[in-house]
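So the structure is just underneath, and the comments pick up after that.
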Amino acid sequence: MYRAKRRSIVRLWVACWLLFAQAVSAEENLCVLVLYSNHRLLPANLEFEAGLRETLAKSTELNAEFLDYPRFDSESYLDAMTAFLHEKYALRPPSVLVVGGKGALEFVLRHRDELFPRVPVIHGAVPQSFLQSRPPLPADVVGVPIKFDFPGTIELALRWHPRARRLLVVTGVSAQDRAWEAELRSDVSRFQDRVTTEFLAGLPTDALLQRLRALGGDTVVFTPGYFEDGVGHLFSPREAVGLMAAAAAAPVYGPFDTFIGTGIVGGSMPNFAAMGRQVGHLVNDWLAGGAPAAQRLPEIAPTAVNLDWRQIQRWDIDPSAIPDDAIVRFKPPTLLEQYATETGVAIVVFLVQAGLIAGLLFERRRRRRMELAVHQQRCELAHASRLAVAGELTGAIAHEINQPLGAILSNADAADLLLASGADRRDELRAILADIRQDDLRASEVIRRLRALLAKQPVDWHPFDLNEAIRELEPVLRAEARRRRVALDLRLTATAPLLLGDRIQIQQVLINLALNAMDAANGLPEARRAVAVSVEHDADRLILVVRDRGPGIAPEHLPQLFDSFFSTKSQGMGLGLSITRTLVEAHGGRVWAESGSGMGAVFRVEWPAADGAGTPEPV
């Protein structure tokens, strides 16, 4: 039982292997033979085979043979060629036979039974006129017909040379040359009312070139080239066209794209490489297991206008008259075409940079608007803070004003008594009036300084003396200190560098810090209530120091002491020190606090001196 099962598995494995080997062998045996009418190096053959090889599967074997028409066309040669091909491919016949050109198709149809009787045939580059003139081809003979657009090329030539009055047509004497001549004689009849047509058929090449050199400016030359001239010299059509284009004193046109680069202007031309690709698709269909589908059989190989840019320039043809779909060769690339990748990268980089710059400009404008809005809010907040401080200093301000007003009233009473006595006491009256004037000026100065402190006015940046600005606030600060029973000690310097900034805003910093220090002294015994304000300086900076003897600041409160809405006082709003820091930093300075538990607090404000200061930020 076990052995029988084992033998069955081995037989199944061998059968699968044999089937696989047969499939691989069949695939490896796929062979395509191409039979060309002309010789090996004919440019049309080379382009056709390049397109064919591009399309066929890489595993397909491709062989090529050449009949070498029209150099060899005798019956004995054709019989020998038939025997040679039969013998060469007897053991390895092709799966598909491809024929290139009319001569090869005629040869295969005549000798097919002797060569490859059951092998399908696909033709390419066979003139449509030939196929239409003969009986229908067998069902297994299909292909891509070609139509040489002689009239289309002549039409283009006459359009681009409107002064032309003469059309010169050049052909040779081989069988193919005579077939082209016959077709051309039929085609040019449509142009007889526009130009005079002359045929140069079968001239010796030297004589032909001499005639071409003598042409006038009213002539256009058309030629399909020739295989043989009048004295039996053999050429490829491309070689013949190259000689004619080099000698002609008139523009030369031709019907094959293999002529481009020889000196002709161009023409309406089939593309032999594209034709090879079309034939390759038909071959693939047949090798896949059946005849090509009807939709894969083209009626005719397409043509396109091909031009040589150098000849366009030479014969002064208007570029705007060239069709948009024309294939223009040898045209120097534009800077954009030559450096397409680099230009594309540069454009992308430029657009990205432009976008970034636009974005930055937009952000800069938006930031500027926001900065102006913040500046306005800071000014409003600073002004509101000054008004709040003014309310807090109401008692001190009233005392400072009442003092000169009371002195004025006392002096006025004294003057009234002197006048009532009737005595001549003018000197004493003058002294009283002087006191009244002095007290009035004193009250006026208090009101002026108070108005300057509280008024809402534009920021005024200029260098000023910090000590002088503090002295202006001294009366108000001392009055507030007396009201709170706090000893105020001002330690100012005789000389100090100037400070660049707004005088009112700096005075607001001093008031905020001084009142904060006085608040810290509340609740202490009167003997310990003391606040010291001093100014220190060196060559390039000014330092304002405000000390108190209060309870100090807890270490955990120091990092957030200047934050908005943070306060250690039960009734505080947490804006005074925040506004102080804003004003200080706007003047390019910095403020910080130091504290020792039970030893009071020290607030230090440092500004750059005016001589070394940069441009501060307005607030």
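By order in the structure tokens, chains are A, B, ...; within a chain, residues start at 1; ligands start at 1, following the order shown.
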Going by DSSP on the backbone, which residues of segment 73-216 of chain A come out as alpha helix (DSSP H)? List them as a PDB file with C-alpha atoms, in the first residue's frame.
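Resulting contents of part-v9.pdb:
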ATOM      1  CA  GLU A  75      15.946  34.420 -61.540  1.00  0.00           C
ATOM      2  CA  SER A  76      18.948  32.261 -60.794  1.00  0.00           C
ATOM      3  CA  TYR A  77      19.802  34.444 -57.786  1.00  0.00           C
ATOM      4  CA  LEU A  78      16.243  34.204 -56.471  1.00  0.00           C
ATOM      5  CA  ASP A  79      16.242  30.410 -56.907  1.00  0.00           C
ATOM      6  CA  ALA A  80      19.563  30.184 -55.085  1.00  0.00           C
ATOM      7  CA  MET A  81      18.241  32.446 -52.300  1.00  0.00           C
ATOM      8  CA  THR A  82      15.189  30.216 -51.937  1.00  0.00           C
ATOM      9  CA  ALA A  83      17.315  27.115 -51.623  1.00  0.00           C
ATOM     10  CA  PHE A  84      19.629  28.841 -49.147  1.00  0.00           C
ATOM     11  CA  LEU A  85      16.810  29.942 -46.851  1.00  0.00           C
ATOM     12  CA  HIS A  86      15.111  26.536 -47.042  1.00  0.00           C
ATOM     13  CA  GLU A  87      18.296  24.733 -46.116  1.00  0.00           C
ATOM     14  CA  LYS A  88      19.319  27.220 -43.396  1.00  0.00           C
ATOM     15  CA  LYS A 102       7.359  45.104 -51.634  1.00  0.00           C
ATOM     16  CA  GLY A 103      10.198  42.993 -53.085  1.00  0.00           C
ATOM     17  CA  ALA A 104      10.389  40.727 -50.053  1.00  0.00           C
ATOM     18  CA  LEU A 105       6.610  40.211 -50.013  1.00  0.00           C
ATOM     19  CA  GLU A 106       6.581  39.291 -53.723  1.00  0.00           C
ATOM     20  CA  PHE A 107       9.442  36.861 -53.161  1.00  0.00           C
ATOM     21  CA  VAL A 108       7.721  35.142 -50.228  1.00  0.00           C
ATOM     22  CA  LEU A 109       4.342  34.868 -51.985  1.00  0.00           C
ATOM     23  CA  ARG A 110       6.055  33.323 -55.003  1.00  0.00           C
ATOM     24  CA  HIS A 111       8.239  30.822 -53.088  1.00  0.00           C
ATOM     25  CA  ARG A 112       6.195  30.310 -49.905  1.00  0.00           C
ATOM     26  CA  ASP A 113       5.460  26.635 -50.563  1.00  0.00           C
ATOM     27  CA  GLU A 114       9.162  25.975 -50.969  1.00  0.00           C
ATOM     28  CA  LEU A 115      10.165  27.990 -47.910  1.00  0.00           C
ATOM     29  CA  GLN A 128      -0.675  50.430 -50.256  1.00  0.00           C
ATOM     30  CA  SER A 129      -0.936  50.956 -54.024  1.00  0.00           C
ATOM     31  CA  PHE A 130       0.792  47.606 -54.636  1.00  0.00           C
ATOM     32  CA  LEU A 131      -1.548  45.768 -52.246  1.00  0.00           C
ATOM     33  CA  GLN A 132      -4.585  47.318 -53.922  1.00  0.00           C
ATOM     34  CA  SER A 133      -3.350  46.369 -57.426  1.00  0.00           C
ATOM     35  CA  PHE A 150       4.518  62.480 -52.214  1.00  0.00           C
ATOM     36  CA  PRO A 151       1.716  65.039 -52.791  1.00  0.00           C
ATOM     37  CA  GLY A 152       1.708  66.093 -49.138  1.00  0.00           C
ATOM     38  CA  THR A 153       5.435  66.853 -49.207  1.00  0.00           C
ATOM     39  CA  ILE A 154       5.167  68.810 -52.474  1.00  0.00           C
ATOM     40  CA  GLU A 155       2.244  70.786 -51.029  1.00  0.00           C
ATOM     41  CA  LEU A 156       4.347  71.755 -48.005  1.00  0.00           C
ATOM     42  CA  ALA A 157       7.241  72.797 -50.239  1.00  0.00           C
ATOM     43  CA  LEU A 158       5.065  75.069 -52.370  1.00  0.00           C
ATOM     44  CA  ARG A 159       3.430  76.545 -49.263  1.00  0.00           C
ATOM     45  CA  TRP A 160       6.761  77.410 -47.655  1.00  0.00           C
ATOM     46  CA  ALA A 175      12.690  48.981 -61.044  1.00  0.00           C
ATOM     47  CA  GLN A 176      11.848  50.658 -57.731  1.00  0.00           C
ATOM     48  CA  ASP A 177      12.972  54.022 -59.105  1.00  0.00           C
ATOM     49  CA  ARG A 178      10.698  53.616 -62.139  1.00  0.00           C
ATOM     50  CA  ALA A 179       7.785  52.661 -59.875  1.00  0.00           C
ATOM     51  CA  TRP A 180       8.317  55.830 -57.860  1.00  0.00           C
ATOM     52  CA  GLU A 181       8.521  57.872 -61.071  1.00  0.00           C
ATOM     53  CA  ALA A 182       5.229  56.472 -62.316  1.00  0.00           C
ATOM     54  CA  GLU A 183       3.515  57.275 -59.043  1.00  0.00           C
ATOM     55  CA  LEU A 184       4.989  60.792 -58.998  1.00  0.00           C
ATOM     56  CA  ARG A 185       3.865  61.560 -62.573  1.00  0.00           C
ATOM     57  CA  SER A 186       0.339  60.781 -61.456  1.00  0.00           C
ATOM     58  CA  ASP A 187       0.605  62.794 -58.233  1.00  0.00           C
ATOM     59  CA  THR A 205      24.936  61.400 -61.079  1.00  0.00           C
ATOM     60  CA  ASP A 206      27.656  63.859 -62.179  1.00  0.00           C
ATOM     61  CA  ALA A 207      25.404  65.411 -64.813  1.00  0.00           C
ATOM     62  CA  LEU A 208      22.519  65.574 -62.350  1.00  0.00           C
ATOM     63  CA  LEU A 209      24.602  67.385 -59.744  1.00  0.00           C
ATOM     64  CA  GLN A 210      25.762  69.887 -62.373  1.00  0.00           C
ATOM     65  CA  ARG A 211      22.128  70.620 -63.251  1.00  0.00           C
ATOM     66  CA  LEU A 212      21.230  71.076 -59.608  1.00  0.00           C
ATOM     67  CA  ARG A 213      24.055  73.561 -59.029  1.00  0.00           C
TER      68      ARG A 213
END
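You will find atom CA of Ala249 of chain A at 16.1 Å from atom CA of Glu198 of chain A.
Residue nearest Arg581 of chain A within the list A:Val195, A:Leu513, A:Val220, A:Leu542: A:Leu513 [criterion: smallest interatomic distance, only C-alpha atoms].
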Could you give me, as a PyMOL selection string, the residues within 8 Å of Thr197 of chain A, counting only C-alpha atoms and dropping anything in the same chain fewer than 5 positions from it?
chain A and resi 166-169+188+192
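Using only C-alpha atoms, the nearest neighbour of Ala479 of chain A within the list A:Gln508, A:Leu515, A:Pro70, A:Arg547 is A:Leu515.
Distance annotation: of A:Leu335, A:Ala487, A:Met269, A:Val173, the residue with the minimal separation from Asn306 of chain A is A:Met269; atom set is only C-alpha atoms.
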For Gly523 of chain A, list every protein, DNA or RNA residue within 12 Å, evaluated using only C-alpha atoms, and leave out those in the same chain fewer than 2 positions away; present the list as a ChimeraX atom specification.
/A:484-486,518-521,525-529,549-551
Let's have the selection written as an mmCIF file, in the first residue's frame, with N, CA and C atoms.
data_model
loop_
_atom_site.group_PDB
_atom_site.id
_atom_site.type_symbol
_atom_site.label_atom_id
_atom_site.label_comp_id
_atom_site.auth_asym_id
_atom_site.auth_seq_id
_atom_site.Cartn_x
_atom_site.Cartn_y
_atom_site.Cartn_z
ATOM 1 N N ARG A 484 1.845 107.869 56.378
ATOM 2 C CA ARG A 484 1.901 106.465 56.790
ATOM 3 C C ARG A 484 2.859 106.267 57.972
ATOM 4 N N ARG A 485 3.484 107.366 58.436
ATOM 5 C CA ARG A 485 4.434 107.307 59.538
ATOM 6 C C ARG A 485 5.605 106.359 59.189
ATOM 7 N N VAL A 486 6.145 106.578 58.004
ATOM 8 C CA VAL A 486 7.285 105.810 57.508
ATOM 9 C C VAL A 486 8.442 106.771 57.288
ATOM 10 N N MET A 518 6.450 100.909 51.142
ATOM 11 C CA MET A 518 5.683 101.458 52.269
ATOM 12 C C MET A 518 4.586 100.491 52.697
ATOM 13 N N ASP A 519 3.960 99.796 51.706
ATOM 14 C CA ASP A 519 2.949 98.801 52.064
ATOM 15 C C ASP A 519 3.558 97.688 52.911
ATOM 16 N N ALA A 520 4.810 97.307 52.562
ATOM 17 C CA ALA A 520 5.467 96.248 53.313
ATOM 18 C C ALA A 520 5.738 96.650 54.754
ATOM 19 N N ALA A 521 5.845 98.006 55.002
ATOM 20 C CA ALA A 521 6.126 98.481 56.371
ATOM 21 C C ALA A 521 4.874 98.560 57.227
ATOM 22 N N PRO A 525 6.111 98.015 63.971
ATOM 23 C CA PRO A 525 6.221 99.129 64.934
ATOM 24 C C PRO A 525 6.740 100.374 64.214
ATOM 25 N N GLU A 526 6.291 101.525 64.656
ATOM 26 C CA GLU A 526 6.639 102.766 63.960
ATOM 27 C C GLU A 526 8.148 102.969 63.894
ATOM 28 N N ALA A 527 8.874 102.505 64.868
ATOM 29 C CA ALA A 527 10.324 102.711 64.886
ATOM 30 C C ALA A 527 11.011 101.922 63.778
ATOM 31 N N ARG A 528 10.363 100.856 63.301
ATOM 32 C CA ARG A 528 10.988 100.018 62.264
ATOM 33 C C ARG A 528 10.502 100.364 60.857
ATOM 34 N N ARG A 529 9.552 101.295 60.772
ATOM 35 C CA ARG A 529 9.012 101.637 59.450
ATOM 36 C C ARG A 529 10.005 102.551 58.730
ATOM 37 N N ARG A 549 12.104 97.521 55.464
ATOM 38 C CA ARG A 549 12.411 96.667 56.606
ATOM 39 C C ARG A 549 11.219 95.787 56.973
ATOM 40 N N GLY A 550 10.449 95.449 55.945
ATOM 41 C CA GLY A 550 9.268 94.631 56.171
ATOM 42 C C GLY A 550 9.616 93.182 56.428
ATOM 43 N N PRO A 551 8.599 92.321 56.342
ATOM 44 C CA PRO A 551 8.805 90.896 56.649
ATOM 45 C C PRO A 551 9.584 90.157 55.570
#
Top pick for closest residue to Leu307 of chain A, considering A:Ala273, A:Val279, A:Val265, A:Leu35 and counting only C-alpha atoms
A:Val265
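The interatomic distance for the pair atom CA of Gly100 of chain A and atom CA of Asp325 of chain A works out to 27.7 Å.
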What does the distance from atom CA of Val305 of chain A to atom CA of Tyr36 of chain A come to in Å, to one decimal?
25.7 Å
Could you pull out the strand (DSSP E) residues of segment 507-568 of chain A from DSSP and send them as a PyMOL selection string?
chain A and resi 530-537+541-548
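The shortest atom-to-atom distance to Ile122 of chain A, with only C-alpha atoms taken into account, belongs to A:Leu137 out of A:Leu500, A:Ala530, A:Leu137, A:Leu561.
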Do you know which residues are at most 8 Å from Phe259 of chain A counting only C-alpha atoms, after dropping those on the same chain fewer than 3 positions away, and could you put them as an mmCIF file with C-alpha atoms, in the first residue's frame?
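Just written: part22.cif:
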data_model
loop_
_atom_site.group_PDB
_atom_site.id
_atom_site.type_symbol
_atom_site.label_atom_id
_atom_site.label_comp_id
_atom_site.auth_asym_id
_atom_site.auth_seq_id
_atom_site.Cartn_x
_atom_site.Cartn_y
_atom_site.Cartn_z
ATOM 1 C CA ARG A 238 19.846 58.291 -48.612
ATOM 2 C CA VAL A 241 19.760 62.452 -51.620
ATOM 3 C CA GLY A 242 22.804 63.574 -49.633
ATOM 4 C CA GLY A 254 11.952 64.090 -49.756
ATOM 5 C CA PHE A 256 11.410 59.491 -45.972
ATOM 6 C CA THR A 262 21.403 64.791 -45.302
ATOM 7 C CA GLY A 263 20.588 68.388 -46.257
ATOM 8 C CA ILE A 264 16.940 68.199 -47.304
ATOM 9 C CA GLY A 266 11.951 67.746 -44.834
#
Could you give me, as a PyMOL selection string, the residues within 7 Å of segment 282-287 of chain A, counting only C-alpha atoms and dropping anything in the same chain fewer than 4 positions from it?
chain A and resi 56+96+278+291-292
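With only C-alpha atoms as the atoms that count, the residue of A:Asn467, A:Ser95, A:Gln560, A:Thr223 with the shortest distance to Phe116 of chain A is A:Ser95.
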